[in-house]
file structure_22.txt (compact mmCIF, C-alpha atoms and all ligand atoms)
# COMPACT_ATOMS: atom_id res chain seq x y z
CA MET A 468 -34.19 -52.09 90.09
CA LYS A 469 -34.52 -48.46 91.02
CA HIS A 470 -36.38 -47.46 87.85
CA LEU A 471 -38.91 -50.23 88.04
CA ARG A 472 -39.61 -49.26 91.63
CA ILE A 473 -40.42 -45.69 90.56
CA HIS A 474 -42.34 -46.44 87.36
CA ASP A 475 -44.38 -49.42 88.44
CA GLN A 476 -44.83 -50.23 92.10
CA GLU A 477 -47.16 -53.11 91.36
CA VAL A 478 -44.77 -55.06 89.16
CA PHE A 479 -41.86 -54.12 91.40
CA ARG A 480 -43.61 -55.66 94.40
CA ILE A 481 -44.39 -58.87 92.54
CA VAL A 482 -40.77 -59.17 91.40
CA GLU A 483 -39.54 -58.57 94.94
CA ALA A 484 -41.94 -61.25 96.21
CA GLU A 485 -40.57 -63.67 93.62
CA LYS A 486 -37.01 -62.98 94.78
CA GLU A 487 -38.15 -63.75 98.34
CA ARG A 488 -39.77 -66.97 97.17
CA ILE A 489 -36.59 -68.07 95.41
CA GLU A 490 -34.44 -67.36 98.49
CA ASN A 491 -36.85 -68.99 100.93
CA THR A 492 -37.82 -72.20 99.18
CA ILE A 493 -35.89 -75.31 98.16
CA ASP A 494 -36.16 -75.71 94.39
CA LEU A 495 -36.23 -79.36 93.35
CA ILE A 496 -37.82 -78.85 89.95
CA ALA A 497 -35.52 -80.76 87.63
CA ALA A 498 -36.10 -78.32 84.77
CA GLU A 499 -35.07 -75.26 86.81
CA ASN A 500 -31.91 -73.82 88.23
CA HIS A 501 -30.36 -70.70 89.68
CA ALA A 502 -28.25 -68.57 87.35
CA PRO A 503 -25.34 -66.27 88.18
CA LEU A 504 -26.38 -62.62 88.36
CA SER A 505 -23.98 -61.87 85.51
CA ILE A 506 -26.26 -63.93 83.29
CA LEU A 507 -29.36 -62.10 84.47
CA GLU A 508 -27.58 -58.80 83.84
CA ALA A 509 -26.67 -59.85 80.31
CA GLN A 510 -30.26 -60.95 79.73
CA GLY A 511 -31.57 -57.60 80.97
CA SER A 512 -28.96 -55.60 79.06
CA ALA A 513 -29.03 -52.99 76.26
CA PHE A 514 -29.32 -55.84 73.74
CA ASN A 515 -33.01 -56.30 74.54
CA LEU A 516 -34.16 -53.96 71.80
CA LYS A 517 -31.81 -54.31 68.84
CA ALA A 518 -33.39 -55.55 65.64
CA ALA A 519 -30.93 -57.85 63.91
CA GLU A 520 -32.65 -60.18 61.49
CA GLY A 521 -30.15 -62.51 59.87
CA TYR A 522 -26.72 -63.63 60.98
CA PRO A 523 -23.42 -61.84 61.76
CA GLY A 524 -22.17 -60.08 58.63
CA ARG A 525 -25.49 -60.68 56.89
CA ARG A 526 -28.07 -58.63 58.80
CA PHE A 527 -31.19 -57.00 57.46
CA HIS A 528 -30.81 -53.97 59.75
CA ALA A 529 -28.11 -51.36 60.14
CA GLY A 530 -26.23 -50.78 63.38
CA CYS A 531 -25.45 -54.42 64.04
CA GLY A 532 -21.72 -54.14 64.72
CA GLN A 533 -22.03 -54.97 68.41
CA ALA A 534 -24.75 -57.54 67.73
CA ASP A 535 -22.37 -59.29 65.34
CA ASP A 536 -19.52 -59.22 67.87
CA LEU A 537 -21.84 -60.65 70.50
CA GLU A 538 -23.29 -63.45 68.39
CA ASN A 539 -19.86 -64.37 67.00
CA LEU A 540 -18.53 -64.63 70.55
CA ALA A 541 -21.47 -66.78 71.70
CA VAL A 542 -20.99 -69.06 68.70
CA LYS A 543 -17.24 -69.36 69.23
CA ARG A 544 -17.64 -70.20 72.91
CA GLY A 545 -20.51 -72.62 72.33
CA LYS A 546 -18.62 -74.52 69.63
CA LYS A 547 -15.58 -74.84 71.88
CA LEU A 548 -17.58 -75.89 74.94
CA PHE A 549 -19.43 -78.71 73.18
CA GLY A 550 -16.91 -79.58 70.45
CA ALA A 551 -19.51 -78.66 67.82
CA ASP A 552 -19.04 -78.22 64.07
CA HIS A 553 -21.76 -75.60 63.99
CA ILE A 554 -23.99 -73.96 66.55
CA ASN A 555 -27.03 -71.70 66.17
CA VAL A 556 -27.65 -69.57 69.26
CA GLN A 557 -30.82 -67.84 68.06
CA PRO A 558 -33.68 -70.21 69.03
CA HIS A 559 -35.96 -68.55 71.58
CA SER A 560 -36.60 -71.81 73.43
CA GLY A 561 -36.06 -75.55 73.37
CA THR A 562 -39.33 -76.05 71.55
CA SER A 563 -38.35 -73.51 68.87
CA ALA A 564 -35.00 -75.26 68.47
CA ASN A 565 -36.68 -78.63 67.91
CA LEU A 566 -39.20 -77.18 65.46
CA ALA A 567 -36.38 -75.63 63.44
CA VAL A 568 -34.51 -78.94 63.26
CA TYR A 569 -37.60 -80.80 62.05
CA PHE A 570 -38.30 -78.21 59.35
CA ALA A 571 -34.62 -77.92 58.37
CA VAL A 572 -34.40 -81.43 56.94
CA LEU A 573 -37.91 -82.93 56.83
CA GLU A 574 -41.05 -82.34 54.78
CA PRO A 575 -44.47 -82.02 56.42
CA GLY A 576 -45.92 -85.51 56.84
CA ASP A 577 -42.51 -87.18 57.25
CA ARG A 578 -42.14 -89.88 59.88
CA ILE A 579 -40.34 -89.31 63.19
CA LEU A 580 -39.72 -91.81 66.01
CA SER A 581 -39.43 -90.28 69.48
CA MET A 582 -39.93 -91.03 73.15
CA ARG A 583 -43.50 -91.02 74.45
CA LEU A 584 -44.36 -88.06 76.69
CA SER A 585 -45.95 -90.32 79.30
CA HIS A 586 -42.70 -92.30 79.57
CA GLY A 587 -40.55 -89.21 80.04
CA GLY A 588 -40.41 -87.54 76.61
CA HIS A 589 -41.23 -83.90 75.81
CA LEU A 590 -44.28 -82.19 74.29
CA SER A 591 -42.20 -80.96 71.35
CA HIS A 592 -41.32 -84.56 70.46
CA GLY A 593 -44.67 -85.05 68.73
CA ASP A 594 -47.14 -85.21 71.58
CA ALA A 595 -50.75 -85.09 70.37
CA ALA A 596 -51.22 -81.66 71.98
CA SER A 597 -48.15 -80.18 70.25
CA ILE A 598 -48.13 -78.53 66.82
CA THR A 599 -45.22 -80.86 66.03
CA SER A 600 -47.66 -83.79 65.78
CA LYS A 601 -49.82 -81.86 63.35
CA CYS A 602 -46.91 -81.35 60.94
CA PHE A 603 -45.20 -84.73 61.12
CA ARG A 604 -46.20 -88.37 61.66
CA PHE A 605 -44.81 -89.46 64.99
CA VAL A 606 -44.57 -92.91 66.44
CA HIS A 607 -43.29 -93.20 69.99
CA TYR A 608 -41.05 -95.60 71.82
CA GLY A 609 -41.43 -96.20 75.52
CA LEU A 610 -39.57 -97.85 78.35
CA ASP A 611 -39.08 -101.54 78.97
CA PRO A 612 -41.84 -102.49 81.43
CA ASP A 613 -39.43 -104.40 83.68
CA THR A 614 -36.32 -102.24 83.77
CA GLU A 615 -38.15 -98.94 83.09
CA GLN A 616 -35.17 -98.06 80.94
CA LEU A 617 -34.84 -97.63 77.18
CA ASP A 618 -35.03 -100.93 75.32
CA TYR A 619 -32.70 -100.50 72.34
CA ASP A 620 -33.72 -103.78 70.71
CA ALA A 621 -37.33 -102.64 70.77
CA ILE A 622 -36.34 -99.24 69.35
CA ALA A 623 -34.38 -100.99 66.59
CA LYS A 624 -37.41 -103.11 65.74
CA GLN A 625 -39.76 -100.11 65.72
CA THR A 626 -37.27 -98.29 63.50
CA ALA A 627 -37.13 -101.16 61.05
CA ASP A 628 -40.95 -101.38 60.92
CA PHE A 629 -41.78 -97.67 60.85
CA LYS A 630 -38.79 -96.46 58.80
CA PRO A 631 -38.68 -92.96 60.30
CA ARG A 632 -36.74 -90.20 58.60
CA MET A 633 -35.63 -88.99 62.03
CA ILE A 634 -35.13 -90.50 65.47
CA VAL A 635 -35.41 -88.15 68.43
CA ALA A 636 -33.69 -89.05 71.69
CA GLY A 637 -33.68 -87.13 74.94
CA ALA A 638 -36.24 -86.70 77.67
CA SER A 639 -37.67 -84.54 80.41
CA ALA A 640 -38.11 -87.22 83.03
CA TYR A 641 -35.60 -90.00 82.41
CA ALA A 642 -33.05 -90.68 85.13
CA ARG A 643 -30.69 -92.89 83.14
CA LEU A 644 -27.90 -92.39 80.62
CA ILE A 645 -28.79 -92.79 76.95
CA ASP A 646 -26.64 -94.85 74.59
CA TYR A 647 -26.30 -92.33 71.76
CA ARG A 648 -23.89 -94.49 69.78
CA ARG A 649 -26.40 -97.32 69.75
CA LEU A 650 -29.17 -94.98 68.61
CA ALA A 651 -26.92 -93.51 65.90
CA GLY A 652 -26.37 -97.04 64.58
CA ILE A 653 -30.09 -97.76 64.63
CA ALA A 654 -30.79 -94.52 62.76
CA ARG A 655 -28.06 -95.19 60.22
CA ASN A 656 -29.62 -98.56 59.30
CA VAL A 657 -32.63 -96.78 57.80
CA SER A 658 -30.80 -93.57 56.78
CA ALA A 659 -32.66 -91.61 59.44
CA TYR A 660 -31.30 -88.48 61.09
CA LEU A 661 -30.52 -88.59 64.80
CA LEU A 662 -31.62 -85.59 66.87
CA VAL A 663 -30.65 -85.64 70.53
CA ASP A 664 -32.52 -83.14 72.70
CA MET A 665 -30.26 -82.74 75.74
CA ALA A 666 -32.23 -79.87 77.32
CA HIS A 667 -32.16 -81.32 80.82
CA ILE A 668 -28.61 -82.58 80.90
CA ALA A 669 -26.65 -79.97 78.90
CA GLY A 670 -24.80 -78.79 82.01
CA LEU A 671 -23.70 -82.31 82.90
CA VAL A 672 -22.56 -82.81 79.30
CA ALA A 673 -20.71 -79.46 79.18
CA ALA A 674 -18.81 -80.42 82.33
CA GLY A 675 -17.97 -83.89 80.99
CA VAL A 676 -19.76 -85.54 83.90
CA ILE A 677 -21.86 -87.72 81.57
CA PRO A 678 -21.26 -88.67 77.91
CA SER A 679 -21.92 -86.15 75.15
CA PRO A 680 -24.25 -86.88 72.24
CA VAL A 681 -22.50 -84.30 70.04
CA PRO A 682 -19.91 -86.57 68.32
CA VAL A 683 -22.46 -89.14 67.10
CA SER A 684 -25.57 -87.03 66.41
CA ASP A 685 -26.63 -85.13 63.33
CA PHE A 686 -28.36 -82.55 65.50
CA VAL A 687 -28.31 -81.73 69.20
CA THR A 688 -30.72 -79.24 70.75
CA PHE A 689 -30.77 -77.91 74.27
CA THR A 690 -31.91 -75.11 76.51
CA THR A 691 -29.50 -72.99 78.49
CA TYR A 692 -31.60 -72.62 81.64
CA LYS A 693 -31.70 -76.12 83.12
CA THR A 694 -28.54 -77.84 84.39
CA LEU A 695 -26.50 -75.44 82.25
CA MET A 696 -27.30 -72.57 84.66
CA GLY A 697 -27.89 -69.94 81.98
CA GLY A 698 -30.86 -67.78 81.07
CA ARG A 699 -33.95 -68.86 79.18
CA GLY A 700 -33.32 -69.82 75.56
CA GLY A 701 -32.59 -72.60 73.07
CA VAL A 702 -29.58 -73.71 71.02
CA ILE A 703 -29.00 -76.03 68.06
CA ILE A 704 -25.75 -77.87 67.34
CA CYS A 705 -25.30 -79.66 64.02
CA LYS A 706 -22.78 -81.27 61.75
CA GLU A 707 -21.16 -78.85 59.30
CA LYS A 708 -23.11 -80.24 56.33
CA TYR A 709 -26.44 -79.10 57.83
CA ARG A 710 -25.27 -75.58 58.71
CA ARG A 711 -27.16 -73.78 55.94
CA GLN A 712 -30.38 -75.73 56.41
CA ILE A 713 -30.39 -75.20 60.17
CA ASP A 714 -29.63 -71.49 59.96
CA ARG A 715 -32.35 -70.96 57.35
CA ALA A 716 -34.86 -72.99 59.36
CA VAL A 717 -34.31 -70.72 62.38
CA PHE A 718 -34.23 -67.44 60.43
CA PRO A 719 -36.24 -66.75 58.34
CA GLY A 720 -37.89 -70.16 58.59
CA SER A 721 -39.43 -70.07 62.04
CA GLN A 722 -38.26 -66.91 63.83
CA GLY A 723 -37.73 -63.25 63.13
CA THR A 724 -35.12 -61.19 64.90
CA PRO A 725 -33.12 -63.09 67.52
CA ALA A 726 -33.47 -62.10 71.18
CA LEU A 727 -29.97 -60.67 71.44
CA ASN A 728 -30.34 -60.23 75.19
CA GLN A 729 -30.71 -64.01 75.35
CA VAL A 730 -27.72 -64.40 73.05
CA ALA A 731 -25.71 -62.23 75.46
CA ALA A 732 -26.75 -64.48 78.35
CA LYS A 733 -25.86 -67.57 76.31
CA ALA A 734 -22.38 -66.17 75.67
CA VAL A 735 -21.84 -65.63 79.41
CA CYS A 736 -23.32 -69.04 80.17
CA PHE A 737 -20.86 -70.80 77.82
CA HIS A 738 -17.98 -68.81 79.31
CA LEU A 739 -18.86 -69.81 82.88
CA ALA A 740 -19.65 -73.40 81.90
CA ALA A 741 -16.04 -73.83 80.77
CA THR A 742 -14.71 -73.14 84.29
CA ARG A 743 -13.49 -75.63 86.87
CA GLU A 744 -15.98 -74.21 89.36
CA PHE A 745 -18.84 -75.07 87.04
CA ALA A 746 -17.55 -78.62 86.60
CA ALA A 747 -17.43 -78.96 90.38
CA VAL A 748 -21.07 -77.88 90.63
CA GLN A 749 -22.10 -80.42 87.98
CA LYS A 750 -20.24 -83.22 89.78
CA ARG A 751 -22.12 -82.25 92.91
CA VAL A 752 -25.41 -82.37 90.99
CA VAL A 753 -24.87 -86.03 90.11
CA ALA A 754 -23.64 -86.89 93.61
CA ASN A 755 -26.62 -85.14 95.21
CA ALA A 756 -29.12 -86.86 92.92
CA ALA A 757 -27.53 -90.23 93.74
CA ALA A 758 -27.68 -89.45 97.47
CA MET A 759 -31.35 -88.49 97.18
CA ALA A 760 -32.10 -91.69 95.28
CA GLU A 761 -30.44 -93.75 98.03
CA GLU A 762 -32.31 -91.94 100.76
CA PHE A 763 -35.69 -92.25 99.03
CA LYS A 764 -35.15 -95.99 98.73
CA GLN A 765 -34.18 -96.23 102.39
CA GLN A 766 -37.40 -94.42 103.30
CA GLY A 767 -39.41 -97.01 101.38
CA TYR A 768 -40.11 -95.15 98.15
CA ARG A 769 -40.05 -96.81 94.75
CA LEU A 770 -37.96 -95.07 92.09
CA VAL A 771 -38.78 -95.45 88.43
CA SER A 772 -35.86 -97.43 86.90
CA GLY A 773 -34.61 -98.06 90.44
CA GLY A 774 -32.23 -95.12 90.67
CA THR A 775 -30.46 -92.37 88.74
CA ASP A 776 -27.37 -91.64 86.64
CA ASN A 777 -28.06 -87.94 86.18
CA HIS A 778 -29.60 -84.95 87.96
CA LEU A 779 -33.07 -86.29 88.74
CA VAL A 780 -35.08 -89.05 90.33
CA LEU A 781 -38.63 -90.01 89.45
CA VAL A 782 -40.46 -91.16 92.57
CA ASP A 783 -43.47 -93.49 92.36
CA LEU A 784 -45.76 -92.47 95.22
CA ARG A 785 -48.30 -95.28 94.85
CA PRO A 786 -46.78 -97.37 97.66
CA LYS A 787 -47.37 -94.35 99.91
CA GLY A 788 -50.98 -93.95 98.80
CA LEU A 789 -50.45 -90.38 97.53
CA THR A 790 -50.91 -88.78 94.14
CA GLY A 791 -48.28 -86.49 92.67
CA ARG A 792 -50.60 -83.52 92.99
CA ASP A 793 -51.22 -84.17 96.69
CA ALA A 794 -47.49 -84.44 97.26
CA GLU A 795 -46.74 -81.29 95.28
CA GLU A 796 -49.23 -79.29 97.37
CA VAL A 797 -48.16 -80.62 100.75
CA LEU A 798 -44.49 -80.03 99.95
CA GLU A 799 -45.11 -76.51 98.67
CA SER A 800 -46.80 -75.68 101.97
CA THR A 801 -43.45 -76.43 103.65
CA GLY A 802 -41.33 -74.51 101.12
CA ILE A 803 -40.16 -77.52 99.10
CA ILE A 804 -40.91 -77.08 95.40
CA VAL A 805 -41.28 -80.19 93.23
CA ASN A 806 -43.53 -81.05 90.32
CA ARG A 807 -45.97 -83.89 89.96
CA ASN A 808 -45.03 -86.18 87.12
CA VAL A 809 -46.58 -89.15 85.41
CA ILE A 810 -44.75 -92.44 85.81
CA PRO A 811 -44.66 -95.03 83.00
CA ASN A 812 -48.16 -96.51 82.49
CA ASP A 813 -49.57 -94.17 85.11
CA PRO A 814 -53.11 -95.09 86.26
CA GLN A 815 -53.73 -91.41 87.16
CA PRO A 816 -54.41 -88.64 84.65
CA PRO A 817 -51.47 -86.26 84.03
CA ASP A 818 -52.88 -83.42 86.15
CA ARG A 819 -52.93 -85.74 89.15
CA ALA A 820 -50.13 -88.20 88.31
CA SER A 821 -48.64 -90.91 90.52
CA GLY A 822 -45.16 -89.51 90.84
CA ILE A 823 -42.99 -86.55 91.60
CA ARG A 824 -39.85 -85.56 89.72
CA VAL A 825 -37.07 -84.41 91.99
CA GLY A 826 -34.00 -82.65 90.58
CA ALA A 827 -30.71 -81.80 92.27
CA ALA A 828 -29.49 -78.99 90.00
CA ALA A 829 -30.74 -75.95 91.91
CA ILE A 830 -29.76 -77.18 95.39
CA SER A 831 -26.30 -77.97 94.04
CA ALA A 832 -25.99 -74.48 92.57
CA ARG A 833 -26.82 -73.23 96.04
CA GLY A 834 -23.92 -75.20 97.47
CA LEU A 835 -25.71 -78.09 99.18
CA GLU A 836 -23.75 -81.31 99.60
CA THR A 837 -24.87 -84.95 99.75
CA SER A 838 -25.59 -84.90 103.49
CA ASP A 839 -27.90 -81.89 102.92
CA ALA A 840 -29.53 -83.65 99.99
CA ARG A 841 -30.27 -86.65 102.19
CA ARG A 842 -31.65 -84.36 104.88
CA ILE A 843 -34.04 -82.82 102.34
CA VAL A 844 -35.36 -86.26 101.41
CA GLY A 845 -35.91 -86.87 105.12
CA LEU A 846 -37.97 -83.67 105.26
CA ILE A 847 -39.93 -84.69 102.15
CA ASP A 848 -40.72 -88.01 103.78
CA ALA A 849 -41.72 -86.35 107.05
CA ALA A 850 -44.11 -84.04 105.18
CA LEU A 851 -45.60 -86.74 102.96
CA SER A 852 -46.03 -89.19 105.84
CA ASN A 853 -47.79 -86.56 107.94
CA ALA A 854 -49.72 -84.72 105.27
CA GLY A 855 -52.64 -83.81 107.56
CA ARG A 856 -50.67 -82.94 110.69
CA GLN A 857 -50.10 -79.21 110.82
CA GLU A 858 -47.55 -79.32 113.65
CA VAL A 859 -45.31 -81.72 111.68
CA LEU A 860 -45.64 -79.62 108.52
CA LYS A 861 -44.76 -76.52 110.53
CA HIS A 862 -41.67 -78.23 111.86
CA VAL A 863 -40.61 -79.26 108.33
CA ALA A 864 -41.17 -75.68 107.14
CA SER A 865 -38.93 -74.35 109.90
CA GLU A 866 -36.19 -76.81 108.90
CA VAL A 867 -36.56 -75.72 105.27
CA ALA A 868 -36.17 -72.10 106.37
CA VAL A 869 -32.92 -72.94 108.18
CA ILE A 870 -31.48 -74.65 105.09
CA CYS A 871 -32.46 -71.68 102.91
CA ARG A 872 -30.79 -69.26 105.30
CA ASN A 873 -27.62 -71.36 105.43
CA PHE A 874 -27.40 -71.61 101.64
CA PRO A 875 -28.42 -68.23 100.18
CA VAL A 876 -28.94 -68.19 96.41
CA TYR A 877 -27.57 -64.70 96.06
CA SER A 878 -25.57 -63.18 98.83
CA GLN A 879 -27.11 -60.14 100.47
CA ASP A 880 -23.87 -58.39 99.60
CA ASP A 881 -24.23 -56.74 96.20
CA LYS A 882 -20.57 -57.34 95.49
CA MET A 883 -21.13 -61.08 95.44
CA MET A 884 -22.12 -61.63 91.86
CA LEU A 885 -22.43 -65.38 91.65
CA PRO A 886 -24.74 -67.90 93.26
CA SER A 887 -23.01 -69.30 96.29
CA SER A 888 -21.48 -72.20 94.47
CA LEU A 889 -19.78 -70.65 91.45
C1 LIG B 1 -37.33 -78.43 78.93
C2 LIG B 1 -37.28 -79.16 77.66
C3 LIG B 1 -37.34 -78.48 76.44
C4 LIG B 1 -37.46 -76.98 76.44
O1 LIG B 1 -38.60 -76.44 76.15
P1 LIG B 1 -38.97 -74.88 76.24
O2 LIG B 1 -39.63 -74.66 74.93
O3 LIG B 1 -37.71 -74.10 76.41
O4 LIG B 1 -39.88 -74.80 77.40
C5 LIG B 1 -37.18 -79.17 75.27
N1 LIG B 1 -36.95 -80.50 75.29
C6 LIG B 1 -36.88 -81.19 76.45
C7 LIG B 1 -36.59 -82.65 76.41
C8 LIG B 1 -37.06 -80.54 77.66
O5 LIG B 1 -36.99 -81.22 78.80
call {"tool": "encode", "arguments": {"input": "structure_22.txt", "output": "structure tokens"}}
result
Amino acid sequence: MKHLRIHDQEVFRIVEAEKERIENTIDLIAAENHAPLSILEAQGSAFNLKAAEGYPGRRFHAGCGQADDLENLAVKRGKKLFGADHINVQPHSGTSANLAVYFAVLEPGDRILSMRLSHGGHLSHGDAASITSKCFRFVHYGLDPDTEQLDYDAIAKQTADFKPRMIVAGASAYARLIDYRRLAGIARNVSAYLLVDMAHIAGLVAAGVIPSPVPVSDFVTFTTYKTLMGGRGGVIICKEKYRRQIDRAVFPGSQGTPALNQVAAKAVCFHLAATREFAAVQKRVVANAAAMAEEFKQQGYRLVSGGTDNHLVLVDLRPKGLTGRDAEEVLESTGIIVNRNVIPNDPQPPDRASGIRVGAAAISARGLETSDARRIVGLIDAALSNAGRQEVLKHVASEVAVICRNFPVYSQDDKMMLPSSL
């Protein structure tokens, strides 16, 4: 970043400090990951500035030859990777992708059934604070109070009563597999569309480590920056018959020119996600999450739904007498980065919360194996059980530093262009 260093010392220093933070902390935020430097290069490339409203071959600006080549390549790779009829790579984010799907096939005021935010859903699935709830009438399904898993009979009953025009599946804090086929059947009974938002799990799906929603869904949205290990951005997959509606809902419906730098990063992301090395990382993600779940249980923690099938665990801290916010702060002081998270029927308000969400994607990208994952849970427990004891927290921090040194995100050697694991 030699130019940034010369033009703006202040921003340069903050960026350098962020690089240090990434190298020297253990990232367990389930919605984050490390990306290969090739992806960051593509995202910071010459494509940042090109205006290219429209789609390849049908742009509203001149000079789009390379833009067309790039977007066509991203589309071709994305379709192949996910076995999609059609893919739109222009959404700026996951939220934009969901908005475009709603507006592609629904009218304002139409009914949508989706997962409740407080049970693991996402803001853009009609939470009261989201613009989505101001445009459409949402009713939410939650988790079975006993199993803390989706209750498909209850969803079927809600669907029959509410008669939504769309069912939205997918979550931000749900550790179990989702039965897409079952949901497709439930949607079909009332002629509702099925949208699956696989933002969190797209990498696991791309690698074939968990089932794909693509064959049975009308629409699938996702982000490229979570388990998929790409840059920031959103994507929509749909059945061929919705191609025109989806494309028009993205541009000109809800966005202007696409961020072609993001499209470049998406193309690289799809290319890398088709490799054996990527599949190996994703297998490790699931194995590491399972190992962490086991270890948490052995240390006396309660897990929402009792375990995990994917990349994350949701830990209920009430038996330990801690709130999620307390835990988040104590852990950050040792270099372990998690986020507080509400648990189903949480007695605490969301900014305090009773749980933490712990994801295995970023540590797996860094090359950590199951024994390391277990060790990290041991460190989490040591910190949380000794929250006021500075000497224990110092010891945990020094152990965290050793792990970070042993598993660098990016090698110090500039020639090493991939995170350690790819
Ligand atoms: C992370 C996430 C998104 C993405 O939202 P952004 O707008 O990219 O922040 C969408 N849906 C779900 C379920 C998510 O977990």
call {"tool": "axis_aligned_box", "arguments": {"input": "structure_22.txt", "around": "region 717-736 of chain A", "padding_each_side": "5 Å", "output": "AutoDock Vina command-line options"}}
result
--center_x -30.6 --center_y -65.5 --center_z 69.3 --size_x 27.6 --size_y 20.5 --size_z 31.8
call {"tool": "closest_residue", "arguments": {"input": "structure_22.txt", "among": "A:Glu795, A:Asp848, A:Asp664, A:Glu836", "to": "Leu495 (chain A)", "atoms": "all atoms listed in the file"}}
result
A:Glu795
call {"tool": "closest_residue", "arguments": {"input": "structure_22.txt", "among": "A:Asp577, A:Asp494, A:Glu520, A:Asp594", "to": "ligand LIG 1 (chain B)", "atoms": "all atoms listed in the file"}}
result
A:Asp594
call {"tool": "closest_residue", "arguments": {"input": "structure_22.txt", "among": "A:Ala850, A:Ala747, A:Ile496, A:Ala640", "to": "ligand LIG 1 (chain B)", "atoms": "all atoms listed in the file"}}
result
A:Ala640
call {"tool": "residues_near_ligand", "arguments": {"input": "structure_22.txt", "ligand": "ligand LIG 1 (chain B)", "cutoff": "6 Å", "atoms": "all atoms listed in the file", "output": "ChimeraX atom specification"}}
result
/A:498,560-562,589,637-639,664,666-667,690
call {"tool": "residues_around", "arguments": {"input": "structure_22.txt", "residues": "Met665 (chain A)", "least_positions_apart": "5", "cutoff": "12 Å", "atoms": "all atoms listed in the file", "output": "number ranges by chain"}}
result
A: 498, 549, 561, 564-565, 588-589, 635-641, 644-645, 647, 670-673, 677-681, 684, 686-695, 701-704, 777
call {"tool": "write_last_selection", "arguments": {"input": "structure_22.txt", "atoms": "C-alpha atoms", "output": "short mmCIF file (atom, residue, chain, number, x, y, z; two decimals), in the coordinates of the input"}}
result
data_model
loop_
_atom_site.label_atom_id
_atom_site.label_comp_id
_atom_site.auth_asym_id
_atom_site.auth_seq_id
_atom_site.Cartn_x
_atom_site.Cartn_y
_atom_site.Cartn_z
CA ALA A 498 -36.10 -78.32 84.77
CA PHE A 549 -19.43 -78.71 73.18
CA GLY A 561 -36.06 -75.55 73.37
CA ALA A 564 -35.00 -75.26 68.47
CA ASN A 565 -36.68 -78.63 67.91
CA GLY A 588 -40.41 -87.54 76.61
CA HIS A 589 -41.23 -83.90 75.81
CA VAL A 635 -35.41 -88.15 68.43
CA ALA A 636 -33.69 -89.05 71.69
CA GLY A 637 -33.68 -87.13 74.94
CA ALA A 638 -36.24 -86.70 77.67
CA SER A 639 -37.67 -84.54 80.41
CA ALA A 640 -38.11 -87.22 83.03
CA TYR A 641 -35.60 -90.00 82.41
CA LEU A 644 -27.90 -92.39 80.62
CA ILE A 645 -28.79 -92.79 76.95
CA TYR A 647 -26.30 -92.33 71.76
CA GLY A 670 -24.80 -78.79 82.01
CA LEU A 671 -23.70 -82.31 82.90
CA VAL A 672 -22.56 -82.81 79.30
CA ALA A 673 -20.71 -79.46 79.18
CA ILE A 677 -21.86 -87.72 81.57
CA PRO A 678 -21.26 -88.67 77.91
CA SER A 679 -21.92 -86.15 75.15
CA PRO A 680 -24.25 -86.88 72.24
CA VAL A 681 -22.50 -84.30 70.04
CA SER A 684 -25.57 -87.03 66.41
CA PHE A 686 -28.36 -82.55 65.50
CA VAL A 687 -28.31 -81.73 69.20
CA THR A 688 -30.72 -79.24 70.75
CA PHE A 689 -30.77 -77.91 74.27
CA THR A 690 -31.91 -75.11 76.51
CA THR A 691 -29.50 -72.99 78.49
CA TYR A 692 -31.60 -72.62 81.64
CA LYS A 693 -31.70 -76.12 83.12
CA THR A 694 -28.54 -77.84 84.39
CA LEU A 695 -26.50 -75.44 82.25
CA GLY A 701 -32.59 -72.60 73.07
CA VAL A 702 -29.58 -73.71 71.02
CA ILE A 703 -29.00 -76.03 68.06
CA ILE A 704 -25.75 -77.87 67.34
CA ASN A 777 -28.06 -87.94 86.18
#
call {"tool": "atom_distance", "arguments": {"input": "structure_22.txt", "atom1": "CA of Arg824 (chain A)", "atom2": "CA of Arg649 (chain A)"}}
result
26.8 Å
call {"tool": "closest_atom_pairs", "arguments": {"input": "structure_22.txt", "of": "region 732-792 of chain A", "to": "region 802-815 of chain A", "cutoff": "9 Å", "atoms": "only C-alpha atoms", "output": "tab-separated table"}}
result
residue	atom	partner	partner_atom	distance
A:Val771	CA	A:Ile810	CA	7.2
A:Leu781	CA	A:Ile810	CA	7.5
A:Val782	CA	A:Ile810	CA	8.1
A:Asp783	CA	A:Ile810	CA	6.8
A:Thr790	CA	A:Gln815	CA	8.0
A:Gly791	CA	A:Arg807	CA	4.4
A:Arg792	CA	A:Arg807	CA	5.5
call {"tool": "closest_residue", "arguments": {"input": "structure_22.txt", "among": "A:Asn873, A:Ser581, A:Thr599, A:Gln765", "to": "Ile830 (chain A)", "atoms": "all atoms listed in the file"}}
result
A:Asn873
call {"tool": "atom_distance", "arguments": {"input": "structure_22.txt", "atom1": "CA of Leu770 (chain A)", "atom2": "CA of Lys787 (chain A)"}}
result
12.3 Å
call {"tool": "atom_distance", "arguments": {"input": "structure_22.txt", "atom1": "CA of Lys706 (chain A)", "atom2": "CA of Ala571 (chain A)"}}
result
12.8 Å
call {"tool": "closest_residue", "arguments": {"input": "structure_22.txt", "among": "A:Ile493, A:Leu537, A:Cys602, A:Ala567", "to": "Leu662 (chain A)", "atoms": "all atoms listed in the file"}}
result
A:Ala567
call {"tool": "closest_residue", "arguments": {"input": "structure_22.txt", "among": "A:Val876, A:Asn656, A:Lys601, A:Asn728", "to": "Gly576 (chain A)", "atoms": "only C-alpha atoms"}}
result
A:Lys601
call {"tool": "residues_around", "arguments": {"input": "structure_22.txt", "residues": "Gly652 (chain A)", "least_positions_apart": "2", "cutoff": "12 Å", "atoms": "only C-alpha atoms", "output": "ChimeraX atom specification"}}
result
/A:619-620,622-623,626,634,646-650,654-661,683-685
